[in-house]
>>> print(open('upload.csv').read())   # CSV, C-alpha atoms
chain,number,residue,atom,x,y,z
A,2,MET,CA,6.9,30.1,-21.4
A,3,SER,CA,7.6,32.8,-18.9
A,4,ALA,CA,7.9,32.0,-15.2
A,5,ALA,CA,4.9,34.3,-14.5
A,6,THR,CA,2.5,32.1,-16.5
A,7,ARG,CA,3.7,28.8,-15.1
A,8,PRO,CA,1.7,27.2,-12.3
A,9,ILE,CA,2.6,28.0,-8.7
A,10,ALA,CA,2.9,24.3,-7.9
A,11,ASN,CA,5.7,24.1,-10.4
A,12,THR,CA,7.6,27.4,-9.9
A,13,ARG,CA,7.3,28.2,-6.2
A,14,SER,CA,9.7,26.3,-4.1
A,15,ALA,CA,9.6,25.7,-0.4
A,16,ALA,CA,12.8,24.4,1.2
A,17,GLY,CA,14.1,23.5,-2.3
A,18,VAL,CA,11.2,21.3,-3.3
A,19,PRO,CA,8.6,22.5,-5.8
A,20,THR,CA,5.4,23.2,-3.8
A,21,GLY,CA,3.3,20.7,-5.6
A,22,ARG,CA,5.7,17.9,-4.9
A,23,LEU,CA,6.2,19.0,-1.3
A,24,ALA,CA,2.4,18.8,-0.9
A,25,VAL,CA,2.3,15.3,-2.2
A,26,TRP,CA,5.0,14.3,0.3
A,27,TRP,CA,2.9,15.7,3.1
A,28,VAL,CA,-0.1,13.8,1.9
A,29,VAL,CA,2.1,10.6,1.8
A,30,ALA,CA,3.4,11.4,5.4
A,31,SER,CA,-0.2,11.8,6.7
A,32,GLU,CA,-1.2,8.6,4.9
A,33,VAL,CA,1.6,6.7,6.6
A,34,VAL,CA,0.1,7.7,9.9
A,35,ILE,CA,-3.4,6.6,8.8
A,36,PHE,CA,-2.4,3.2,7.4
A,37,GLY,CA,0.3,2.8,10.0
A,38,GLY,CA,-2.1,3.2,12.8
A,39,LEU,CA,-4.6,0.8,11.2
A,40,LEU,CA,-2.0,-1.8,10.4
A,41,GLY,CA,-0.3,-1.4,13.8
A,42,SER,CA,-3.7,-2.0,15.5
A,43,TYR,CA,-4.3,-5.0,13.3
A,44,LEU,CA,-0.8,-6.4,14.1
A,45,MET,CA,-1.1,-6.1,17.9
A,46,HIS,CA,-4.5,-7.8,17.9
A,47,ARG,CA,-3.3,-10.5,15.5
A,48,LEU,CA,-0.3,-11.3,17.7
A,49,ALA,CA,-2.6,-11.4,20.7
A,50,HIS,CA,-5.2,-13.7,19.2
A,51,ASP,CA,-3.8,-16.9,17.7
A,52,GLN,CA,-7.3,-18.1,16.7
A,53,TRP,CA,-7.4,-15.4,14.1
A,54,SER,CA,-5.3,-17.7,11.9
A,55,VAL,CA,-8.4,-19.8,11.5
A,56,GLN,CA,-10.2,-16.8,10.0
A,57,ALA,CA,-7.2,-15.7,8.0
A,58,ALA,CA,-7.1,-19.2,6.4
A,59,ASN,CA,-10.3,-18.2,4.5
A,60,THR,CA,-8.6,-15.5,2.5
A,61,ASN,CA,-7.4,-16.4,-1.0
A,62,THR,CA,-3.6,-16.1,-1.2
A,63,TRP,CA,-3.6,-16.4,-5.0
A,64,ILE,CA,-6.1,-13.6,-5.5
A,65,GLY,CA,-4.0,-11.4,-3.2
A,66,ALA,CA,-0.8,-12.3,-5.1
A,67,PHE,CA,-2.5,-11.5,-8.4
A,68,ASN,CA,-3.6,-8.1,-7.2
A,69,THR,CA,0.0,-7.5,-5.9
A,70,LEU,CA,1.3,-8.3,-9.4
A,71,VAL,CA,-1.3,-5.9,-10.9
A,72,LEU,CA,-0.3,-3.1,-8.6
A,73,LEU,CA,3.4,-3.6,-9.1
A,74,SER,CA,2.8,-3.6,-12.9
A,75,SER,CA,0.8,-0.4,-12.6
A,76,SER,CA,3.6,1.2,-10.6
A,77,LEU,CA,6.0,0.3,-13.4
A,78,ALA,CA,3.6,2.0,-15.9
A,79,ALA,CA,3.4,5.1,-13.6
A,80,VAL,CA,7.2,5.5,-13.4
A,81,LEU,CA,7.6,4.9,-17.2
A,82,GLY,CA,5.0,7.7,-17.6
A,83,HIS,CA,7.2,9.9,-15.3
A,84,GLN,CA,10.2,9.0,-17.5
A,85,ALA,CA,8.2,10.0,-20.6
A,86,ALA,CA,7.1,13.3,-19.0
A,87,LEU,CA,10.7,14.1,-18.1
A,88,ARG,CA,11.5,13.8,-21.8
A,89,GLY,CA,8.6,16.1,-22.6
A,90,ASP,CA,6.7,13.3,-24.4
A,91,GLY,CA,3.2,14.1,-23.0
A,92,PRO,CA,1.2,11.6,-25.2
A,93,LYS,CA,3.5,8.7,-24.2
A,94,ALA,CA,3.2,9.8,-20.5
A,95,ALA,CA,-0.6,9.8,-20.9
A,96,ARG,CA,-0.6,6.3,-22.5
A,97,GLN,CA,1.4,5.0,-19.5
A,98,LEU,CA,-1.0,6.7,-17.1
A,99,TYR,CA,-3.9,5.0,-18.9
A,100,LEU,CA,-2.1,1.6,-18.4
A,101,THR,CA,-1.7,2.5,-14.7
A,102,MET,CA,-5.4,3.3,-14.5
A,103,LEU,CA,-6.2,0.0,-16.2
A,104,GLY,CA,-4.2,-1.7,-13.4
A,105,GLY,CA,-6.1,0.2,-10.8
A,106,ALA,CA,-9.4,-0.7,-12.4
A,107,THR,CA,-8.4,-4.4,-12.6
A,108,PHE,CA,-7.4,-4.3,-8.9
A,109,VAL,CA,-10.8,-3.0,-7.9
A,110,VAL,CA,-12.8,-5.4,-10.1
A,111,VAL,CA,-10.8,-8.4,-8.7
A,112,LYS,CA,-11.4,-7.1,-5.2
A,113,ALA,CA,-15.1,-6.7,-5.9
A,114,PHE,CA,-15.4,-10.4,-7.0
A,115,GLU,CA,-13.3,-11.5,-4.1
A,116,TRP,CA,-15.5,-9.6,-1.5
A,117,THR,CA,-18.7,-10.8,-3.2
A,118,HIS,CA,-17.5,-14.4,-2.8
A,119,GLU,CA,-16.4,-13.9,0.9
A,120,ILE,CA,-19.6,-12.1,1.8
A,121,HIS,CA,-21.6,-14.9,0.2
A,122,GLU,CA,-19.6,-17.4,2.3
A,123,GLY,CA,-20.7,-15.5,5.4
A,124,PHE,CA,-17.6,-13.5,6.1
A,125,THR,CA,-18.9,-10.0,6.6
A,126,ILE,CA,-17.5,-6.9,8.3
A,127,THR,CA,-19.5,-7.8,11.4
A,128,SER,CA,-18.6,-11.5,11.5
A,129,ASN,CA,-15.7,-10.9,14.0
A,130,THR,CA,-12.8,-8.6,14.6
A,131,PHE,CA,-10.5,-10.2,12.0
A,132,TRP,CA,-13.0,-9.6,9.2
A,133,SER,CA,-13.6,-6.1,10.6
A,134,PHE,CA,-10.0,-5.3,10.2
A,135,TYR,CA,-9.8,-7.1,6.8
A,136,TYR,CA,-12.7,-5.1,5.2
A,137,THR,CA,-11.6,-1.8,6.9
A,138,ALA,CA,-8.0,-2.0,5.8
A,139,ALA,CA,-8.6,-3.4,2.3
A,140,GLY,CA,-11.6,-1.1,1.8
A,141,LEU,CA,-9.7,2.0,2.8
A,142,HIS,CA,-6.9,0.9,0.5
A,143,ALA,CA,-9.4,0.3,-2.4
A,144,LEU,CA,-10.8,3.8,-1.9
A,145,HIS,CA,-7.3,5.2,-2.3
A,146,VAL,CA,-6.9,3.1,-5.5
A,147,ILE,CA,-10.2,4.5,-6.9
A,148,GLY,CA,-9.3,8.1,-5.9
A,149,GLY,CA,-5.9,7.7,-7.6
A,150,VAL,CA,-7.5,6.4,-10.8
A,151,ILE,CA,-9.9,9.3,-10.9
A,152,ILE,CA,-7.2,11.9,-10.3
A,153,MET,CA,-5.0,10.2,-12.9
A,154,ALA,CA,-7.7,10.5,-15.5
A,155,PHE,CA,-7.5,14.3,-15.2
A,156,VAL,CA,-3.7,14.3,-15.2
A,157,ALA,CA,-3.5,12.0,-18.3
A,158,ALA,CA,-6.0,14.2,-20.2
A,159,GLU,CA,-3.7,17.2,-19.6
A,160,ALA,CA,-0.5,15.3,-20.3
A,161,LYS,CA,-1.9,14.0,-23.6
A,162,LYS,CA,-1.9,17.7,-24.7
A,163,ASN,CA,1.6,18.1,-23.3
A,164,LEU,CA,0.3,20.2,-20.4
A,165,GLU,CA,1.2,20.2,-16.7
A,166,LEU,CA,3.6,17.3,-17.2
A,167,HIS,CA,5.0,17.8,-13.6
A,168,ARG,CA,1.7,16.3,-12.4
A,169,VAL,CA,2.6,13.0,-13.9
A,170,GLU,CA,5.3,12.6,-11.3
A,171,LEU,CA,3.1,13.9,-8.5
A,172,ILE,CA,0.3,11.4,-9.1
A,173,GLY,CA,3.0,8.7,-9.6
A,174,ILE,CA,4.4,9.4,-6.1
A,175,TYR,CA,0.9,8.9,-4.6
A,176,TRP,CA,0.4,5.8,-6.7
A,177,HIS,CA,3.6,4.2,-5.6
A,178,PHE,CA,2.7,4.8,-2.0
A,179,VAL,CA,-0.7,3.1,-2.5
A,180,ASP,CA,1.4,0.2,-4.0
A,181,ILE,CA,3.6,0.1,-0.9
A,182,VAL,CA,0.6,0.0,1.4
A,183,TRP,CA,-0.6,-3.1,-0.5
A,184,ILE,CA,2.8,-4.7,-0.3
A,185,PHE,CA,2.4,-4.7,3.5
A,186,LEU,CA,-1.4,-5.6,3.5
A,187,PHE,CA,-0.8,-8.6,1.3
A,188,PRO,CA,1.4,-10.6,3.8
A,189,LEU,CA,-0.7,-9.4,6.8
A,190,LEU,CA,-4.1,-10.4,5.4
A,191,TYR,CA,-3.3,-13.2,3.0
A,192,ILE,CA,-0.1,-14.9,4.0
A,193,ALA,CA,0.1,-14.9,7.8
A,194,LYS,CA,-2.2,-17.9,8.5
B,30,MET,CA,-4.2,26.4,-14.7
B,31,ALA,CA,-1.7,27.3,-17.4
B,32,ASP,CA,-2.7,26.3,-20.9
B,33,HIS,CA,0.9,26.3,-22.1
B,34,ALA,CA,2.8,23.4,-23.3
B,35,HIS,CA,5.6,22.4,-21.1
B,36,SER,CA,9.1,21.7,-22.2
B,37,PRO,CA,11.0,19.0,-20.3
B,38,SER,CA,12.6,21.6,-18.2
B,39,ASP,CA,9.2,22.8,-17.1
B,40,ALA,CA,8.4,19.3,-15.7
B,41,GLY,CA,9.0,20.5,-12.2
B,42,HIS,CA,11.9,18.5,-11.1
B,43,GLU,CA,13.9,21.2,-9.5
B,44,GLY,CA,14.7,18.9,-6.6
B,45,HIS,CA,16.3,16.3,-8.8
B,46,ASP,CA,17.0,17.7,-12.2
B,47,ALA,CA,19.2,14.9,-13.3
B,48,HIS,CA,17.1,12.1,-14.6
B,49,PRO,CA,17.7,9.0,-12.5
B,50,HIS,CA,19.5,6.2,-14.5
B,51,VAL,CA,17.4,3.4,-13.2
B,52,ASN,CA,16.5,0.4,-15.2
B,53,TYR,CA,12.8,0.3,-14.2
B,54,TRP,CA,12.1,-3.0,-15.9
B,55,ARG,CA,14.9,-4.7,-14.0
B,56,VAL,CA,13.5,-3.3,-10.7
B,57,TYR,CA,10.1,-4.5,-11.8
B,58,TRP,CA,11.2,-8.1,-12.5
B,59,LEU,CA,13.1,-8.1,-9.2
B,60,LEU,CA,9.9,-7.1,-7.4
B,61,VAL,CA,8.0,-9.9,-9.3
B,62,GLY,CA,10.6,-12.4,-8.2
B,63,LEU,CA,10.3,-11.2,-4.6
B,64,LEU,CA,6.5,-11.6,-4.8
B,65,CYS,CA,7.0,-15.2,-5.8
B,66,VAL,CA,9.4,-15.7,-2.9
B,67,SER,CA,6.8,-14.2,-0.5
B,68,VAL,CA,4.1,-16.6,-1.8
B,69,ILE,CA,6.2,-19.7,-1.9
B,70,GLY,CA,8.2,-19.2,1.4
B,71,PRO,CA,5.2,-19.6,3.8
B,72,MET,CA,4.2,-22.8,2.0
B,73,PHE,CA,7.0,-24.6,3.9
B,74,GLY,CA,5.1,-24.0,7.2
B,75,VAL,CA,8.2,-22.9,9.1
B,76,LYS,CA,7.4,-19.8,11.2
B,77,VAL,CA,10.9,-18.2,10.8
B,78,VAL,CA,10.8,-18.8,7.0
B,79,THR,CA,7.3,-17.3,6.8
B,80,ILE,CA,8.3,-14.2,8.7
B,81,ILE,CA,11.4,-13.6,6.6
B,82,THR,CA,9.9,-14.4,3.2
B,83,ALA,CA,6.6,-12.6,3.8
B,84,PHE,CA,7.4,-9.6,6.0
B,85,GLY,CA,11.1,-9.3,5.4
B,86,VAL,CA,10.6,-9.4,1.7
B,87,ALA,CA,7.7,-7.0,2.0
B,88,ALA,CA,9.9,-4.5,3.7
B,89,TYR,CA,12.6,-4.9,1.0
B,90,LYS,CA,10.0,-4.6,-1.8
B,91,ALA,CA,8.7,-1.3,-0.2
B,92,TYR,CA,12.3,-0.1,0.0
B,93,LEU,CA,12.8,-0.8,-3.7
B,94,VAL,CA,9.6,1.0,-4.7
B,95,ALA,CA,10.4,4.0,-2.5
B,96,LYS,CA,13.9,4.3,-3.8
B,97,ASN,CA,13.6,3.4,-7.5
B,98,PHE,CA,10.0,4.4,-8.3
B,99,MET,CA,9.3,7.3,-5.9
B,100,HIS,CA,12.9,8.5,-6.0
B,101,VAL,CA,13.0,9.3,-2.3
B,102,ASN,CA,16.8,9.1,-2.4
B,103,LEU,CA,16.9,11.9,-4.9
B,104,GLU,CA,14.8,14.3,-2.8
B,105,LYS,CA,16.0,16.8,-0.3
B,106,PRO,CA,17.1,14.9,2.9
B,107,PHE,CA,14.3,16.5,4.9
B,108,VAL,CA,11.7,14.6,2.9
B,109,THR,CA,13.3,11.3,4.1
B,110,TYR,CA,13.4,12.7,7.7
B,111,LEU,CA,9.7,13.7,7.4
B,112,LEU,CA,8.8,10.1,6.4
B,113,LEU,CA,11.0,8.6,9.0
B,114,THR,CA,9.5,10.8,11.7
B,115,VAL,CA,5.9,9.6,10.9
B,116,VAL,CA,7.1,6.0,10.9
B,117,VAL,CA,8.7,6.7,14.4
B,118,PHE,CA,5.3,8.1,15.5
B,119,MET,CA,3.7,4.9,14.3
B,120,LEU,CA,6.1,2.8,16.3
B,121,LEU,CA,5.5,5.0,19.4
B,122,PHE,CA,1.8,4.4,19.0
B,123,PHE,CA,2.4,0.7,18.7
B,124,ALA,CA,4.7,0.6,21.8
B,125,GLY,CA,2.3,2.7,23.8
B,126,THR,CA,-0.9,0.7,23.1
B,127,ALA,CA,0.3,-2.8,22.3
B,128,PRO,CA,0.9,-3.9,26.0
B,129,ASP,CA,-2.8,-3.1,26.8
B,130,VAL,CA,-4.0,-5.1,23.8
B,131,MET,CA,-1.6,-8.0,23.9
B,132,LYS,CA,-1.1,-8.7,27.6
B,133,ARG,CA,-3.6,-10.6,29.7
B,134,GLU,CA,-2.7,-8.8,32.9
B,135,GLY,CA,-0.8,-5.8,34.2
B,136,THR,CA,-0.4,-3.8,37.4
B,137,ARG,CA,-3.8,-3.9,39.1
B,138,TRP,CA,-5.7,-5.1,36.0
B,139,THR,CA,-6.5,-8.4,34.5
B,140,LYS,CA,-8.6,-9.6,31.5
B,141,PRO,CA,-10.4,-12.7,32.8
B,142,GLU,CA,-13.0,-12.7,30.1
B,143,TRP,CA,-10.4,-12.3,27.4
B,144,VAL,CA,-8.3,-15.2,28.9
B,145,ARG,CA,-11.4,-17.4,29.0
B,146,ALA,CA,-12.5,-16.7,25.5
B,147,HIS,CA,-8.9,-17.1,24.2
B,148,GLU,CA,-8.5,-20.5,25.8
B,149,GLU,CA,-11.9,-21.7,24.7
B,150,ALA,CA,-11.2,-20.6,21.2
B,151,LEU,CA,-7.9,-22.5,21.1
B,152,ALA,CA,-9.5,-25.6,22.7
B,153,HIS,CA,-12.4,-25.6,20.2
B,154,PRO,CA,-11.4,-24.0,16.9
B,155,PRO,CA,-14.3,-23.2,14.7
B,156,ALA,CA,-14.8,-25.5,11.7
B,157,PRO,CA,-14.2,-24.1,8.3
B,158,VAL,CA,-17.4,-22.5,7.0
B,159,THR,CA,-19.1,-24.1,4.1
B,160,HIS,CA,-21.0,-22.3,1.4
B,161,GLY,CA,-24.1,-20.6,2.7
B,162,GLU,CA,-23.4,-21.0,6.4
B,163,HIS,CA,-22.8,-18.1,8.7
B,164,ALA,CA,-19.2,-17.3,9.7
B,165,PRO,CA,-18.2,-18.3,13.2
B,166,ALA,CA,-17.4,-15.5,15.6
B,167,ALA,CA,-13.9,-15.1,17.0
B,168,HIS,CA,-13.0,-12.0,19.0
>>> encode(input="upload.csv", output="structure tokens")
Amino acid sequence: MSAATRPIANTRSAAGVPTGRLAVWWVVASEVVIFGGLLGSYLMHRLAHDQWSVQAANTNTWIGAFNTLVLLSSSLAAVLGHQAALRGDGPKAARQLYLTMLGGATFVVVKAFEWTHEIHEGFTITSNTFWSFYYTAAGLHALHVIGGVIIMAFVAAEAKKNLELHRVELIGIYWHFVDIVWIFLFPLLYIAK
Amino acid sequence: MADHAHSPSDAGHEGHDAHPHVNYWRVYWLLVGLLCVSVIGPMFGVKVVTIITAFGVAAYKAYLVAKNFMHVNLEKPFVTYLLLTVVVFMLLFFAGTAPDVMKREGTRWTKPEWVRAHEEALAHPPAPVTHGEHAPAAH
């Protein structure tokens, strides 16, 4: 394939990094500010209010741990997909992305059951400030998971046909970031009691 | 978009052409092991152990994912600087606003209502909510 027919995101390079990947790093950087601001706010309120531990005691550590395991496993699948894409094996990369999507879907389904139970118990987003933070942070994260799964479906469909394999890495970088956010959310919301 | 098949060299890895020789499964099992530590550690009920096993381990897990899965270490250095810069912004935000949130009083200001509510909540912690009851308020 000639360079002229290759996508701009793959051929044009800004500061030595392909444009597409540079764009994803900028997205990640802006997401660090979004989640960092949210978690920083939570942390300062949590440290100032000892009584929040009473509320935090109602979150289920095992469900949080299970979802952490699910996201870590989905990250492994994403990076194995990247590895396959590097070898030019699009179908295998697509299969790994499907596994990653399965992980994301499992995460969201578990979260839905967890929230249903908590809301049924009377812990809603308006109950108090702890639960406001809980639903806002976990909800924003879950939206990122859902968004990632949707984008991944398009990337996998192309990868299956051995097209646009560079995108496997791009969606992978985003997905690993979503994983990292959860790695910090888990101890903040489920362990610090 | 292009409808051409990509060869491995087209995969867009100009920044780090050489494929990283990372045993991803090994990193994964290490992460799973650390997850177990972060769950078991706080069960001892010792604050220092909880902080180290929950938050220290979380920071290390994030480092492992960023290095081995995101390959940050193989990117151009400015990408790392970019990410570190936004982390510094986050810390500046925390340092700038935390005193107002966390302190009960400062120069020419106090939070008497906050102090009263705080002490009352500590003196009378809400009972755990049973099924069907409304959750207690704590601000």
>>> closest_residue(input="upload.csv", among="A:Phe67, A:Trp132, A:Trp53, A:Phe185", to="Lys90 (chain B)", atoms="all atoms listed in the file")
A:Phe185
>>> interface_residues(input="upload.csv", of="chain A", to="chain B", cutoff="7 Å", atoms="only C-alpha atoms", output="PyMOL selection string")
chain A and resi 6-8+11+17-19+30+33-34+37-38+41+45-46+49+52+70+77+80+86-89+121-124+128-130+163-167+174+177+181+184-185+188
>>> write_last_selection(input="upload.csv", atoms="C-alpha atoms", output="mmCIF file, in the coordinates of the input")
data_model
loop_
_atom_site.group_PDB
_atom_site.id
_atom_site.type_symbol
_atom_site.label_atom_id
_atom_site.label_comp_id
_atom_site.auth_asym_id
_atom_site.auth_seq_id
_atom_site.Cartn_x
_atom_site.Cartn_y
_atom_site.Cartn_z
ATOM 1 C CA THR A 6 2.500 32.100 -16.500
ATOM 2 C CA ARG A 7 3.700 28.800 -15.100
ATOM 3 C CA PRO A 8 1.700 27.200 -12.300
ATOM 4 C CA ASN A 11 5.700 24.100 -10.400
ATOM 5 C CA GLY A 17 14.100 23.500 -2.300
ATOM 6 C CA VAL A 18 11.200 21.300 -3.300
ATOM 7 C CA PRO A 19 8.600 22.500 -5.800
ATOM 8 C CA ALA A 30 3.400 11.400 5.400
ATOM 9 C CA VAL A 33 1.600 6.700 6.600
ATOM 10 C CA VAL A 34 0.100 7.700 9.900
ATOM 11 C CA GLY A 37 0.300 2.800 10.000
ATOM 12 C CA GLY A 38 -2.100 3.200 12.800
ATOM 13 C CA GLY A 41 -0.300 -1.400 13.800
ATOM 14 C CA MET A 45 -1.100 -6.100 17.900
ATOM 15 C CA HIS A 46 -4.500 -7.800 17.900
ATOM 16 C CA ALA A 49 -2.600 -11.400 20.700
ATOM 17 C CA GLN A 52 -7.300 -18.100 16.700
ATOM 18 C CA LEU A 70 1.300 -8.300 -9.400
ATOM 19 C CA LEU A 77 6.000 0.300 -13.400
ATOM 20 C CA VAL A 80 7.200 5.500 -13.400
ATOM 21 C CA ALA A 86 7.100 13.300 -19.000
ATOM 22 C CA LEU A 87 10.700 14.100 -18.100
ATOM 23 C CA ARG A 88 11.500 13.800 -21.800
ATOM 24 C CA GLY A 89 8.600 16.100 -22.600
ATOM 25 C CA HIS A 121 -21.600 -14.900 0.200
ATOM 26 C CA GLU A 122 -19.600 -17.400 2.300
ATOM 27 C CA GLY A 123 -20.700 -15.500 5.400
ATOM 28 C CA PHE A 124 -17.600 -13.500 6.100
ATOM 29 C CA SER A 128 -18.600 -11.500 11.500
ATOM 30 C CA ASN A 129 -15.700 -10.900 14.000
ATOM 31 C CA THR A 130 -12.800 -8.600 14.600
ATOM 32 C CA ASN A 163 1.600 18.100 -23.300
ATOM 33 C CA LEU A 164 0.300 20.200 -20.400
ATOM 34 C CA GLU A 165 1.200 20.200 -16.700
ATOM 35 C CA LEU A 166 3.600 17.300 -17.200
ATOM 36 C CA HIS A 167 5.000 17.800 -13.600
ATOM 37 C CA ILE A 174 4.400 9.400 -6.100
ATOM 38 C CA HIS A 177 3.600 4.200 -5.600
ATOM 39 C CA ILE A 181 3.600 0.100 -0.900
ATOM 40 C CA ILE A 184 2.800 -4.700 -0.300
ATOM 41 C CA PHE A 185 2.400 -4.700 3.500
ATOM 42 C CA PRO A 188 1.400 -10.600 3.800
#
>>> atom_distance(input="upload.csv", atom1="CA of Thr137 (chain A)", atom2="CA of Arg168 (chain A)")
29.6 Å
>>> atom_distance(input="upload.csv", atom1="CA of Ile192 (chain A)", atom2="CA of Gly125 (chain B)")
26.6 Å
>>> atom_distance(input="upload.csv", atom1="CA of Phe134 (chain A)", atom2="CA of Tyr191 (chain A)")
12.6 Å
>>> residues_around(input="upload.csv", residues="Val109 (chain A)", least_positions_apart="3", cutoff="8 Å", atoms="all atoms listed in the file", output="PyMOL selection string")
chain A and resi 105-106+112-113+143+146-147
